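Read through the structure below, which is laid out as structure tokens, and then see the notes.
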Amino acid sequence: MADRSVSKTISRQSADCSVFVFGSGACARRIASSLGEYGVVVQSTSDSSNLELVYCSGFAGDFRLEFKQNGKKTTRQANAVVIAEDDRIEPNFAEYGLVPGSRVMTLSDLEEKIDQLCAEDIFEFSHKVAFLNGWEKESQPEVAGRMLALCHRIQTEGLANTFFFTNNLKVSPDGIERICGQAKAAGAVFIKNAEYKPHVADAQNNTIAIDYVDELTRSSFCLSADWVIVDECHKPAKQLGGLAAGLRLFRDEAGFVQSDNVHRISNATNRRGMFVAGGSRGVMSRQEQMADADQVALRVLEYLDDSDREELPAVQVNRGRCARCLTCLRLCPHMAIDYGYRVTIQPDACFGCGICAAGCPARAIDIQGVHIHSDLDRFFRRAEAGSGKSVEKQRMVVFGCSRSAGRAHQLAVNMGAGLPPGVRFVEVPCGGTISSRHLLAAFDAGADGVLVCTCHTDNCKSEVGNRHARRQGAAAAKVLQMAGIEQERLMVASVAANMGHEFCSLVDSFSGRISRFSVQKGSQ
């Protein structure tokens, strides 16, 4: 790992450890080796260890981990947590209707066999080796890359004749497209089966018959293979589900402990001070996992040195208003709410999204610099009372996330494209800061239309702020309908930070829609 000067003044709440790494494989050990001077503890929660995470409390800089092992409970304290459990590999025998045998094996089995024996002692030149890659579902790129590399080696070294059956070949790993071309040039036969699925059956003389249709000529063929190599599927370790639940971390659709969010790249999670690496965060080759171990070590060092901190508005709880209903605790995606003898928000864990403030029924949470109700009043009512200017024929409010629409708005201004007359832009820390009462307050203040601009899906810094904004918009729209106001006067849309032109077009389009409502209302 690259040399790095790191501050030694780490705030340790316990002499127990500073960094706790979940895992026991090569990736976890490499992380521990890089961070060893910081008192790293490496432990796996796999079935063989009988170690179970019962509960995690505390916040960034002072996590308290409660475990149970063989009936005994123990507690560990850590400044940071890294999840680096290895993934598991499952063979796809069932997908092809096969059972493992001496010459029907997985890719990993063949790789291990070649490592143990000389490849020339395994195959004969007359042998036909069939590689089965992603018939019913697409193969994972890492697996397809390994399979192609092995097919290329066997064919180019003249060990056997290779046949590569695939639905949609993945050549994204570095150098794989070149290897694929070289294998074809050496005589490897690639058979695409997107439309017609081959059929595999045992044949005579210990061979395996593969009936297939050539999709170009539509002709039927039968291959008698001496060897059949089946692809595999990387899946999350079985213990990851319980581990993520105990640490209260988001997962992706496949179950890995990292959501599909660009702001989590490369090793971040929804909780500050908790990191994920290697096979716990996605499908990676062993080489990629080692590089990821080095990367997460750097990220942890930055965190311990406090150099990863982002300047965010302070979020505070008004004790006089707080009813301890714990709605904020249920809503916070970053577990930044401390509900001891009084409810507080931990600044080291807070991402400043304002979701807690928007959802607080007592309005007991204040965000520094965010005064939506007073801004609306200043924009409309006070301007009318004191300016003496004529009131705009049409008045709109645009709420925008500071990380997306706020930057797009500034970009539009820099390009010389201002907002239409009567449009007021209200910048908020996150789309999640907006509540339905804010939207209705805009109409109450005199707005003819309200546009809410959030981040795109999986591009929200707070993970769920854009989804929260959509829910609040839907709730406000129902209230408008009950009040006899067109729901179309309220709109929630997505805008990226670099979409200055698109932001202007969106505002203009929405303004035109509101104008049509006004014309229709005036003609009635």
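Every chain in the structure tokens has a letter given in the order shown (A, B, ...), and although residue numbers restart at 1 in each chain, ligands are simply numbered from 1 in the order shown.
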Subject >> All residues 12 Å or closer to range 474-487 of chain A, only C-alpha atoms, same chain fewer than 4 positions away omitted, as a PyMOL selection string >> reply: chain A and resi 434-444+447-452+467-470+491-492+513-514+516-518+520-521
Selection to disk with C-alpha atoms, as an mmCIF file, in the first residue's frame:
data_model
loop_
_atom_site.group_PDB
_atom_site.id
_atom_site.type_symbol
_atom_site.label_atom_id
_atom_site.label_comp_id
_atom_site.auth_asym_id
_atom_site.auth_seq_id
_atom_site.Cartn_x
_atom_site.Cartn_y
_atom_site.Cartn_z
ATOM 1 C CA ILE A 434 -39.076 18.780 1.595
ATOM 2 C CA SER A 435 -42.258 17.741 3.387
ATOM 3 C CA SER A 436 -45.829 17.819 2.160
ATOM 4 C CA ARG A 437 -46.498 20.773 4.452
ATOM 5 C CA HIS A 438 -43.762 22.734 2.666
ATOM 6 C CA LEU A 439 -45.395 22.013 -0.677
ATOM 7 C CA LEU A 440 -48.830 23.017 0.572
ATOM 8 C CA ALA A 441 -47.362 26.120 2.234
ATOM 9 C CA ALA A 442 -46.078 27.224 -1.173
ATOM 10 C CA PHE A 443 -49.611 27.092 -2.564
ATOM 11 C CA ASP A 444 -50.932 28.825 0.538
ATOM 12 C CA ALA A 447 -47.910 29.886 -5.811
ATOM 13 C CA ASP A 448 -49.783 28.744 -8.921
ATOM 14 C CA GLY A 449 -47.475 25.760 -9.346
ATOM 15 C CA VAL A 450 -44.751 23.927 -7.421
ATOM 16 C CA LEU A 451 -41.889 21.953 -8.981
ATOM 17 C CA VAL A 452 -39.648 19.707 -6.878
ATOM 18 C CA ARG A 467 -37.788 8.689 -2.850
ATOM 19 C CA HIS A 468 -38.927 10.575 0.237
ATOM 20 C CA ALA A 469 -39.588 13.671 -1.910
ATOM 21 C CA ARG A 470 -41.734 11.654 -4.320
ATOM 22 C CA MET A 491 -44.635 18.021 -10.102
ATOM 23 C CA VAL A 492 -41.615 16.042 -8.880
ATOM 24 C CA ARG A 513 -48.434 23.786 -18.184
ATOM 25 C CA ILE A 514 -49.408 26.138 -15.341
ATOM 26 C CA ARG A 516 -52.653 26.581 -19.646
ATOM 27 C CA PHE A 517 -54.427 25.880 -16.357
ATOM 28 C CA SER A 518 -54.749 29.630 -15.754
ATOM 29 C CA GLN A 520 -58.661 27.353 -18.840
ATOM 30 C CA LYS A 521 -59.724 28.697 -15.456
#
Can you write out as JSON lines which residues of range 302-324 of chain A fall within 12 Å of range 330-338 of chain A, alongside each residue's closest atom pair and its distance in Å to one decimal, counting only C-alpha atoms and ordering rows by chain and ascending residue number?
{"residue": "A:Val315", "atom": "CA", "partner": "A:Ala336", "partner_atom": "CA", "distance": 10.6}
{"residue": "A:Gln316", "atom": "CA", "partner": "A:Ile337", "partner_atom": "CA", "distance": 10.5}
{"residue": "A:Val317", "atom": "CA", "partner": "A:Ile337", "partner_atom": "CA", "distance": 10.1}
{"residue": "A:Arg324", "atom": "CA", "partner": "A:Asp338", "partner_atom": "CA", "distance": 11.0}
Would you put the residues from that selection into a file with N, CA, C and O atoms, as an mmCIF file, in the first residue's frame?
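Output file part01.cif is given in full below:
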data_model
loop_
_atom_site.group_PDB
_atom_site.id
_atom_site.type_symbol
_atom_site.label_atom_id
_atom_site.label_comp_id
_atom_site.auth_asym_id
_atom_site.auth_seq_id
_atom_site.Cartn_x
_atom_site.Cartn_y
_atom_site.Cartn_z
ATOM 1 N N VAL A 315 -27.733 20.209 12.261
ATOM 2 C CA VAL A 315 -29.121 19.795 12.465
ATOM 3 C C VAL A 315 -29.325 19.613 13.970
ATOM 4 O O VAL A 315 -28.592 18.854 14.613
ATOM 5 N N GLN A 316 -30.305 20.298 14.533
ATOM 6 C CA GLN A 316 -30.498 20.282 15.975
ATOM 7 C C GLN A 316 -31.955 19.997 16.320
ATOM 8 O O GLN A 316 -32.867 20.298 15.550
ATOM 9 N N VAL A 317 -32.149 19.416 17.504
ATOM 10 C CA VAL A 317 -33.485 19.095 18.008
ATOM 11 C C VAL A 317 -33.877 20.131 19.056
ATOM 12 O O VAL A 317 -33.131 20.383 20.011
ATOM 13 N N ARG A 324 -40.432 13.033 21.748
ATOM 14 C CA ARG A 324 -39.783 11.710 21.807
ATOM 15 C C ARG A 324 -40.641 10.624 21.149
ATOM 16 O O ARG A 324 -40.736 9.503 21.633
#
Check which residues of range 220-323 of chain A sit at most 10 Å from range 59-82 of chain A using only C-alpha atoms, and return one row each with the closest pair of atoms and their distance in Å to one decimal, ordered by chain and rising number, as a Markdown table.
| residue | atom | partner | partner_atom | distance |
| --- | --- | --- | --- | --- |
| A:Gly246 | CA | A:Leu65 | CA | 9.2 |
| A:Leu247 | CA | A:Leu65 | CA | 8.8 |
| A:Asn267 | CA | A:Val82 | CA | 9.2 |
| A:Ala268 | CA | A:Val82 | CA | 9.7 |
| A:Thr269 | CA | A:Val82 | CA | 10.0 |
| A:Arg271 | CA | A:Ala60 | CA | 7.9 |
| A:Arg272 | CA | A:Ala60 | CA | 5.8 |
| A:Gly273 | CA | A:Ala60 | CA | 4.9 |
| A:Met274 | CA | A:Val81 | CA | 4.7 |
| A:Phe275 | CA | A:Val82 | CA | 4.7 |
| A:Val276 | CA | A:Val82 | CA | 5.4 |
| A:Ala277 | CA | A:Val82 | CA | 7.2 |
| A:Ser280 | CA | A:Val82 | CA | 9.8 |
| A:Val296 | CA | A:Val82 | CA | 8.3 |
| A:Ala297 | CA | A:Val82 | CA | 9.3 |
| A:Val300 | CA | A:Ala80 | CA | 7.4 |
| A:Leu301 | CA | A:Ala80 | CA | 9.8 |
| A:Tyr303 | CA | A:Ala80 | CA | 8.3 |
| A:Leu304 | CA | A:Asn79 | CA | 7.7 |
Preceding selection exported with N, CA and C atoms as a PDB file, in the first residue's frame:
ATOM      1  N   GLY A 246     -27.799  -6.343  11.541  1.00  0.00           N
ATOM      2  CA  GLY A 246     -27.267  -5.936  12.840  1.00  0.00           C
ATOM      3  C   GLY A 246     -26.580  -4.588  12.800  1.00  0.00           C
ATOM      4  N   LEU A 247     -25.893  -4.301  11.696  1.00  0.00           N
ATOM      5  CA  LEU A 247     -25.199  -3.024  11.546  1.00  0.00           C
ATOM      6  C   LEU A 247     -26.093  -1.958  10.934  1.00  0.00           C
ATOM      7  N   ASN A 267     -16.011   2.305  -1.334  1.00  0.00           N
ATOM      8  CA  ASN A 267     -16.154   1.409  -0.188  1.00  0.00           C
ATOM      9  C   ASN A 267     -17.074   1.940   0.899  1.00  0.00           C
ATOM     10  N   ALA A 268     -17.842   2.981   0.598  1.00  0.00           N
ATOM     11  CA  ALA A 268     -18.691   3.604   1.610  1.00  0.00           C
ATOM     12  C   ALA A 268     -20.004   2.848   1.774  1.00  0.00           C
ATOM     13  N   THR A 269     -20.657   3.087   2.894  1.00  0.00           N
ATOM     14  CA  THR A 269     -21.985   2.555   3.173  1.00  0.00           C
ATOM     15  C   THR A 269     -22.885   3.728   3.572  1.00  0.00           C
ATOM     16  N   ARG A 271     -23.668   4.441   6.465  1.00  0.00           N
ATOM     17  CA  ARG A 271     -23.281   4.892   7.801  1.00  0.00           C
ATOM     18  C   ARG A 271     -21.820   5.325   7.796  1.00  0.00           C
ATOM     19  N   ARG A 272     -21.576   6.525   8.260  1.00  0.00           N
ATOM     20  CA  ARG A 272     -20.198   7.004   8.338  1.00  0.00           C
ATOM     21  C   ARG A 272     -19.435   6.168   9.353  1.00  0.00           C
ATOM     22  N   GLY A 273     -18.215   5.791   8.993  1.00  0.00           N
ATOM     23  CA  GLY A 273     -17.390   4.959   9.864  1.00  0.00           C
ATOM     24  C   GLY A 273     -17.518   3.489   9.599  1.00  0.00           C
ATOM     25  N   MET A 274     -18.447   3.101   8.714  1.00  0.00           N
ATOM     26  CA  MET A 274     -18.595   1.696   8.328  1.00  0.00           C
ATOM     27  C   MET A 274     -18.280   1.558   6.847  1.00  0.00           C
ATOM     28  N   PHE A 275     -17.417   0.603   6.527  1.00  0.00           N
ATOM     29  CA  PHE A 275     -16.939   0.425   5.169  1.00  0.00           C
ATOM     30  C   PHE A 275     -17.149  -1.029   4.739  1.00  0.00           C
ATOM     31  N   VAL A 276     -17.121  -1.254   3.431  1.00  0.00           N
ATOM     32  CA  VAL A 276     -17.303  -2.594   2.901  1.00  0.00           C
ATOM     33  C   VAL A 276     -16.279  -2.823   1.802  1.00  0.00           C
ATOM     34  N   ALA A 277     -15.780  -4.067   1.696  1.00  0.00           N
ATOM     35  CA  ALA A 277     -14.719  -4.357   0.736  1.00  0.00           C
ATOM     36  C   ALA A 277     -14.865  -5.763   0.180  1.00  0.00           C
ATOM     37  N   SER A 280     -17.788  -8.782  -0.114  1.00  0.00           N
ATOM     38  CA  SER A 280     -18.977  -8.349   0.625  1.00  0.00           C
ATOM     39  C   SER A 280     -19.730  -7.255  -0.112  1.00  0.00           C
ATOM     40  N   VAL A 296      -9.791   0.294   0.534  1.00  0.00           N
ATOM     41  CA  VAL A 296     -10.571   0.524   1.751  1.00  0.00           C
ATOM     42  C   VAL A 296      -9.651   0.902   2.912  1.00  0.00           C
ATOM     43  N   ALA A 297      -8.437   0.393   2.909  1.00  0.00           N
ATOM     44  CA  ALA A 297      -7.494   0.783   3.958  1.00  0.00           C
ATOM     45  C   ALA A 297      -7.217   2.281   3.894  1.00  0.00           C
ATOM     46  N   VAL A 300     -10.271   4.140   5.241  1.00  0.00           N
ATOM     47  CA  VAL A 300     -10.341   4.075   6.707  1.00  0.00           C
ATOM     48  C   VAL A 300      -9.350   5.053   7.326  1.00  0.00           C
ATOM     49  N   LEU A 301      -8.159   5.129   6.751  1.00  0.00           N
ATOM     50  CA  LEU A 301      -7.159   6.067   7.264  1.00  0.00           C
ATOM     51  C   LEU A 301      -7.638   7.506   7.138  1.00  0.00           C
ATOM     52  N   TYR A 303     -10.710   8.485   7.142  1.00  0.00           N
ATOM     53  CA  TYR A 303     -11.769   8.649   8.142  1.00  0.00           C
ATOM     54  C   TYR A 303     -11.183   8.828   9.542  1.00  0.00           C
ATOM     55  N   LEU A 304     -10.210   7.992   9.920  1.00  0.00           N
ATOM     56  CA  LEU A 304      -9.601   8.100  11.241  1.00  0.00           C
ATOM     57  C   LEU A 304      -8.879   9.433  11.409  1.00  0.00           C
TER      58      LEU A 304
END
Original post:
Looking at A:Leu159, A:Ser46, A:Glu215, A:Val262, which one is nearest to Phe22 in chain A, with distances taken over only C-alpha atoms?
Top reply: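 Counting only C-alpha atoms, the residue closest to Phe22 in chain A is A:Ser46.
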Subject >> strand (DSSP E or B) per DSSP on the backbone: members of range 116-268 of chain A, as a PyMOL selection string >> reply: chain A and resi 128-133+161-166+189-192+199-202+208-213+220-225+227-230+232-235+268
Subject >> Residues within 9 Å of Ile372 in chain A, only C-alpha atoms, excluding chain neighbours under 4 positions, as a list in words >> reply: Leu376, Asp377, Val426, Glu427, Val428, Ile434 and His438 of chain A
Subject >> Residue neighbourhood range 93-110 of chain A, 7 Å, only C-alpha atoms, exclusion window fewer than 2 positions, as a PyMOL selection string >> reply: chain A and resi 91+112-114+136+147+200+227-232
Original post:
What is the CA of Phe380 in chain A-CA of Ser515 in chain A distance in Å, reported with one decimal?
Top reply: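 We find that CA of Phe380 in chain A and CA of Ser515 in chain A lie 18.3 Å from each other.
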Subject >> Distance criterion (only C-alpha atoms): nearest to Ala357 in chain A out of A:Gly406, A:Gly416, A:Gly400, A:Pro429 >> reply: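 Ranking A:Gly406, A:Gly416, A:Gly400, A:Pro429 by distance to Ala357 in chain A, first place goes to A:Pro429.
Our summary of the geometry notes that CA of Ile345 in chain A is positioned 28.6 Å from CA of Ser494 in chain A.
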**OP:** Show which residues sit within 8 Å of Gly432 in chain A, as a ChimeraX atom specification. Count only C-alpha atoms, and ignore same-chain residues fewer than 6 positions away.
**Re:** /A:353-355,358,464-469
Using N, CA and C atoms, can you write the selected residues to a file as a PDB file, in the first residue's frame?
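Okay, again-v5.pdb is ready:
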ATOM      1  N   CYS A 353     -29.161  15.456   5.482  1.00  0.00           N
ATOM      2  CA  CYS A 353     -30.192  15.344   4.440  1.00  0.00           C
ATOM      3  C   CYS A 353     -31.504  16.019   4.822  1.00  0.00           C
ATOM      4  N   GLY A 354     -31.775  16.146   6.118  1.00  0.00           N
ATOM      5  CA  GLY A 354     -33.002  16.799   6.556  1.00  0.00           C
ATOM      6  C   GLY A 354     -34.243  15.939   6.502  1.00  0.00           C
ATOM      7  N   ILE A 355     -34.117  14.650   6.237  1.00  0.00           N
ATOM      8  CA  ILE A 355     -35.282  13.774   6.202  1.00  0.00           C
ATOM      9  C   ILE A 355     -35.964  13.742   7.569  1.00  0.00           C
ATOM     10  N   ALA A 358     -38.069  16.920   7.951  1.00  0.00           N
ATOM     11  CA  ALA A 358     -39.280  16.890   7.129  1.00  0.00           C
ATOM     12  C   ALA A 358     -40.338  15.976   7.724  1.00  0.00           C
ATOM     13  N   VAL A 464     -32.066   7.860   0.168  1.00  0.00           N
ATOM     14  CA  VAL A 464     -33.512   7.765  -0.033  1.00  0.00           C
ATOM     15  C   VAL A 464     -34.198   9.131  -0.082  1.00  0.00           C
ATOM     16  N   GLY A 465     -33.423  10.215  -0.117  1.00  0.00           N
ATOM     17  CA  GLY A 465     -34.030  11.546  -0.107  1.00  0.00           C
ATOM     18  C   GLY A 465     -34.938  11.788  -1.289  1.00  0.00           C
ATOM     19  N   ASN A 466     -34.539  11.324  -2.481  1.00  0.00           N
ATOM     20  CA  ASN A 466     -35.387  11.519  -3.664  1.00  0.00           C
ATOM     21  C   ASN A 466     -36.673  10.708  -3.568  1.00  0.00           C
ATOM     22  N   ARG A 467     -36.572   9.508  -3.032  1.00  0.00           N
ATOM     23  CA  ARG A 467     -37.788   8.689  -2.850  1.00  0.00           C
ATOM     24  C   ARG A 467     -38.718   9.330  -1.825  1.00  0.00           C
ATOM     25  N   HIS A 468     -38.129   9.886  -0.776  1.00  0.00           N
ATOM     26  CA  HIS A 468     -38.927  10.575   0.237  1.00  0.00           C
ATOM     27  C   HIS A 468     -39.666  11.759  -0.385  1.00  0.00           C
ATOM     28  N   ALA A 469     -38.966  12.510  -1.263  1.00  0.00           N
ATOM     29  CA  ALA A 469     -39.588  13.671  -1.910  1.00  0.00           C
ATOM     30  C   ALA A 469     -40.766  13.241  -2.781  1.00  0.00           C
TER      31      ALA A 469
END
Original post:
With distances taken over only C-alpha atoms, which of A:Met284, A:Thr156, A:Pro313, A:Ser44 is nearest to Lys238 in chain A?
Top reply: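 Comparing A:Met284, A:Thr156, A:Pro313, A:Ser44 against Lys238 in chain A, the winner is A:Ser44.
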**OP:** Would you return as a PyMOL selection string the members of range 468-521 of chain A that DSSP assigns to helix (DSSP H, G or I) on this structure's backbone?
**Re:** chain A and resi 468-482+487-489+500-521
Could you save those same residues with N, CA and C atoms as a short mmCIF file (atom, residue, chain, number, x, y, z; two decimals), in the first residue's frame?
data_model
loop_
_atom_site.label_atom_id
_atom_site.label_comp_id
_atom_site.auth_asym_id
_atom_site.auth_seq_id
_atom_site.Cartn_x
_atom_site.Cartn_y
_atom_site.Cartn_z
N HIS A 468 -38.13 9.89 -0.78
CA HIS A 468 -38.93 10.58 0.24
C HIS A 468 -39.67 11.76 -0.39
N ALA A 469 -38.97 12.51 -1.26
CA ALA A 469 -39.59 13.67 -1.91
C ALA A 469 -40.77 13.24 -2.78
N ARG A 470 -40.63 12.13 -3.48
CA ARG A 470 -41.73 11.65 -4.32
C ARG A 470 -42.94 11.27 -3.47
N ARG A 471 -42.68 10.63 -2.34
CA ARG A 471 -43.80 10.26 -1.45
C ARG A 471 -44.49 11.49 -0.90
N GLN A 472 -43.70 12.49 -0.51
CA GLN A 472 -44.29 13.71 0.01
C GLN A 472 -45.08 14.45 -1.07
N GLY A 473 -44.57 14.40 -2.31
CA GLY A 473 -45.29 15.01 -3.42
C GLY A 473 -46.62 14.33 -3.69
N ALA A 474 -46.63 13.00 -3.62
CA ALA A 474 -47.87 12.26 -3.83
C ALA A 474 -48.89 12.57 -2.73
N ALA A 475 -48.41 12.69 -1.48
CA ALA A 475 -49.31 13.01 -0.37
C ALA A 475 -49.90 14.41 -0.53
N ALA A 476 -49.06 15.38 -0.93
CA ALA A 476 -49.55 16.74 -1.12
C ALA A 476 -50.53 16.82 -2.28
N ALA A 477 -50.30 16.05 -3.34
CA ALA A 477 -51.18 16.06 -4.51
C ALA A 477 -52.60 15.60 -4.13
N LYS A 478 -52.69 14.62 -3.24
CA LYS A 478 -54.00 14.16 -2.79
C LYS A 478 -54.75 15.26 -2.03
N VAL A 479 -54.02 16.01 -1.23
CA VAL A 479 -54.65 17.11 -0.49
C VAL A 479 -55.14 18.18 -1.46
N LEU A 480 -54.34 18.47 -2.48
CA LEU A 480 -54.75 19.45 -3.49
C LEU A 480 -56.03 19.01 -4.18
N GLN A 481 -56.10 17.73 -4.49
CA GLN A 481 -57.29 17.21 -5.18
C GLN A 481 -58.53 17.37 -4.30
N MET A 482 -58.38 17.08 -3.01
CA MET A 482 -59.52 17.23 -2.10
C MET A 482 -59.93 18.71 -1.96
N GLN A 487 -54.08 18.48 -9.47
CA GLN A 487 -52.86 17.83 -8.99
C GLN A 487 -51.68 18.13 -9.90
N GLU A 488 -51.96 18.42 -11.16
CA GLU A 488 -50.90 18.68 -12.13
C GLU A 488 -50.14 19.98 -11.83
N ARG A 489 -50.66 20.78 -10.91
CA ARG A 489 -49.93 21.99 -10.51
C ARG A 489 -48.73 21.66 -9.64
N GLY A 500 -27.79 21.90 -16.78
CA GLY A 500 -28.26 23.28 -16.75
C GLY A 500 -29.30 23.56 -17.82
N HIS A 501 -29.03 23.14 -19.05
CA HIS A 501 -29.98 23.36 -20.14
C HIS A 501 -31.28 22.60 -19.90
N GLU A 502 -31.15 21.34 -19.47
CA GLU A 502 -32.34 20.52 -19.21
C GLU A 502 -33.17 21.10 -18.07
N PHE A 503 -32.50 21.68 -17.07
CA PHE A 503 -33.21 22.30 -15.95
C PHE A 503 -34.07 23.46 -16.46
N CYS A 504 -33.50 24.31 -17.31
CA CYS A 504 -34.26 25.42 -17.86
C CYS A 504 -35.45 24.93 -18.69
N SER A 505 -35.23 23.89 -19.48
CA SER A 505 -36.31 23.35 -20.31
C SER A 505 -37.42 22.78 -19.44
N LEU A 506 -37.03 22.13 -18.34
CA LEU A 506 -38.02 21.56 -17.43
C LEU A 506 -38.87 22.66 -16.80
N VAL A 507 -38.22 23.73 -16.33
CA VAL A 507 -38.95 24.84 -15.71
C VAL A 507 -39.86 25.52 -16.73
N ASP A 508 -39.35 25.72 -17.93
CA ASP A 508 -40.17 26.36 -18.98
C ASP A 508 -41.38 25.51 -19.32
N SER A 509 -41.16 24.19 -19.43
CA SER A 509 -42.26 23.29 -19.76
C SER A 509 -43.32 23.29 -18.67
N PHE A 510 -42.87 23.25 -17.41
CA PHE A 510 -43.82 23.26 -16.29
C PHE A 510 -44.54 24.59 -16.21
N SER A 511 -43.82 25.67 -16.49
CA SER A 511 -44.44 27.00 -16.49
C SER A 511 -45.53 27.08 -17.56
N GLY A 512 -45.28 26.48 -18.74
CA GLY A 512 -46.29 26.45 -19.78
C GLY A 512 -47.51 25.67 -19.38
N ARG A 513 -47.29 24.58 -18.66
CA ARG A 513 -48.43 23.79 -18.18
C ARG A 513 -49.30 24.61 -17.24
N ILE A 514 -48.66 25.33 -16.30
CA ILE A 514 -49.41 26.14 -15.34
C ILE A 514 -50.16 27.26 -16.06
N SER A 515 -49.54 27.82 -17.10
CA SER A 515 -50.21 28.88 -17.86
C SER A 515 -51.49 28.37 -18.51
N ARG A 516 -51.46 27.16 -19.02
CA ARG A 516 -52.65 26.58 -19.65
C ARG A 516 -53.77 26.39 -18.63
N PHE A 517 -53.41 26.00 -17.41
CA PHE A 517 -54.43 25.88 -16.36
C PHE A 517 -55.07 27.23 -16.07
N SER A 518 -54.24 28.28 -16.03
CA SER A 518 -54.75 29.63 -15.75
C SER A 518 -55.68 30.10 -16.86
N VAL A 519 -55.32 29.79 -18.13
CA VAL A 519 -56.16 30.18 -19.26
C VAL A 519 -57.49 29.46 -19.21
N GLN A 520 -57.42 28.14 -18.92
CA GLN A 520 -58.66 27.35 -18.84
C GLN A 520 -59.56 27.85 -17.72
N LYS A 521 -58.94 28.23 -16.59
CA LYS A 521 -59.72 28.70 -15.46
C LYS A 521 -60.37 30.05 -15.77
#
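Remark: for Thr457 in chain A, the closest of the candidate residues A:Gly39, A:Gly359, A:Asp294, A:Asn261 is A:Asn261 (distances computed over only C-alpha atoms).
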**OP:** Would you list the contacts of Leu148 in chain A as a PyMOL selection string, taking every protein, DNA or RNA residue within 9 Å and counting only C-alpha atoms, but skipping same-chain residues closer than 5 positions in sequence?
**Re:** chain A and resi 131+143+153+164+171+176+179-180+183
Please write the residues from the selection above to a file, keeping C-alpha atoms, as a compact mmCIF listing (two decimals), in the first residue's frame.
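Final output, result18.txt:
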# COMPACT_ATOMS: atom_id res chain seq x y z
CA PHE A 131 -17.78 -24.75 -21.77
CA VAL A 143 -16.83 -15.78 -14.26
CA ARG A 153 -5.29 -21.63 -22.91
CA PHE A 164 -17.90 -22.39 -25.97
CA VAL A 171 -16.09 -9.52 -22.47
CA ILE A 176 -10.94 -10.63 -22.43
CA ILE A 179 -8.40 -13.39 -25.61
CA CYS A 180 -11.75 -14.29 -27.16
CA ALA A 183 -9.18 -18.37 -29.03
